[in-house]
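Right, one structure below, let's go through it.
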Amino acid sequence: FLPPQLKLSSPAEVRIIIADYPEGPYGVPYREALFFIYAHDTKGSAWHCPWIVVDDDAALILGREMLGYPK
């Protein structure tokens, strides 16, 4: 789940965030779940998000194709 340059931090930690957007940027409500892994590289620590799950096709397309998010 991590790119080659990132290593899992110790202690291992993940976070799952669930968001409910009653009105999205294109006017349609949607929900998403984000999965974060705590990692580090030579520059320091960071949160890596390997994927985001959404319940709306428009949010999926806008986020993945136009903004480059891992949806």
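Residues are referred to by chain and number: the chain letter is A, B, ... according to the order shown in the structure tokens, the number counts from 1 in that chain, and ligands are numbered separately from 1 in the order shown.
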Chain A: which residues are strand (DSSP E or B) by DSSP, as a ChimeraX atom specification? /A:7-8,14-21,30-41,44-54
Would you give me, as a ChimeraX atom specification, the residues in chain A that DSSP reads as alpha helix (DSSP H)? /A:57-61
Next, write the just-selected residues to a file, as a CSV table (one decimal), in the first residue's frame, keeping N, CA and C atoms as the atom set.
chain,number,residue,atom,x,y,z
A,57,ASP,N,-20.9,8.6,-8.5
A,57,ASP,CA,-20.1,8.5,-9.7
A,57,ASP,C,-19.5,9.9,-10.1
A,58,ALA,N,-20.3,10.9,-9.9
A,58,ALA,CA,-19.7,12.3,-10.3
A,58,ALA,C,-18.6,12.6,-9.4
A,59,ALA,N,-18.7,12.3,-8.1
A,59,ALA,CA,-17.6,12.6,-7.1
A,59,ALA,C,-16.4,11.8,-7.5
A,60,LEU,N,-16.6,10.5,-7.9
A,60,LEU,CA,-15.5,9.6,-8.3
A,60,LEU,C,-14.8,10.2,-9.5
A,61,ILE,N,-15.5,10.6,-10.6
A,61,ILE,CA,-14.9,11.1,-11.8
A,61,ILE,C,-14.2,12.4,-11.6
Between A:Gly44, A:Tyr69, A:Tyr38, A:Val28, which residue has the minimum interatomic distance to Asp56 in chain A, considering only C-alpha atoms?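 Among A:Gly44, A:Tyr69, A:Tyr38, A:Val28, it is A:Val28 that comes nearest to Asp56 in chain A.
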Counting only C-alpha atoms, the option among A:His40, A:Ser45, A:Gly27, A:Trp51 closest to Phe1 in chain A: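 Smallest distance to Phe1 in chain A is found for A:Trp51.
For Pro50 in chain A, the residues within 8 Å (counting only C-alpha atoms, excluding itself and residues fewer than 2 positions away along the chain) are Phe1, Leu2, Phe35, Phe36, Ile37, His48, Ile52 and Pro70 of chain A.
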With only C-alpha atoms as the counted atoms, please give the residues lying no more than 7 Å from Val53 in chain A, apart from itself and same-chain residues fewer than 6 positions off, as a PyMOL selection string. chain A and resi 32-34+71
CA of Val14 in chain A and CA of Trp47 in chain A are how many Å apart?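 According to the coordinates, CA of Val14 in chain A and CA of Trp47 in chain A are separated by 8.7 Å.
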Using only C-alpha atoms, which protein or nucleic acid residues come within 7 Å of Tyr30 in chain A? Drop anything in the same chain fewer than 3 positions from it, and give the result as a list in words. Asp20, Tyr21, Pro22, Gly24, Asp55 and Asp56 of chain A
Let me see the file: selected residues, N, CA, C and O atoms, as a short mmCIF file (atom, residue, chain, number, x, y, z; two decimals), in the first residue's frame.
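File produced: out.cif:
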data_model
loop_
_atom_site.label_atom_id
_atom_site.label_comp_id
_atom_site.auth_asym_id
_atom_site.auth_seq_id
_atom_site.Cartn_x
_atom_site.Cartn_y
_atom_site.Cartn_z
N ASP A 20 -19.40 13.09 5.19
CA ASP A 20 -20.73 13.20 4.58
C ASP A 20 -20.87 14.63 4.10
O ASP A 20 -20.91 15.57 4.90
N TYR A 21 -20.92 14.82 2.78
CA TYR A 21 -21.04 16.15 2.21
C TYR A 21 -22.50 16.35 1.75
O TYR A 21 -22.91 15.78 0.75
N PRO A 22 -23.28 17.13 2.50
CA PRO A 22 -24.68 17.32 2.14
C PRO A 22 -24.85 18.03 0.79
O PRO A 22 -25.85 17.86 0.13
N GLY A 24 -22.18 18.76 -2.49
CA GLY A 24 -20.84 18.73 -3.07
C GLY A 24 -20.59 19.92 -3.96
O GLY A 24 -21.47 20.76 -4.18
N ASP A 55 -19.52 7.28 -2.80
CA ASP A 55 -20.78 6.63 -3.17
C ASP A 55 -21.50 7.33 -4.32
O ASP A 55 -22.67 7.11 -4.55
N ASP A 56 -20.78 8.16 -5.07
CA ASP A 56 -21.39 8.89 -6.16
C ASP A 56 -20.44 8.91 -7.36
O ASP A 56 -19.25 9.22 -7.20
#
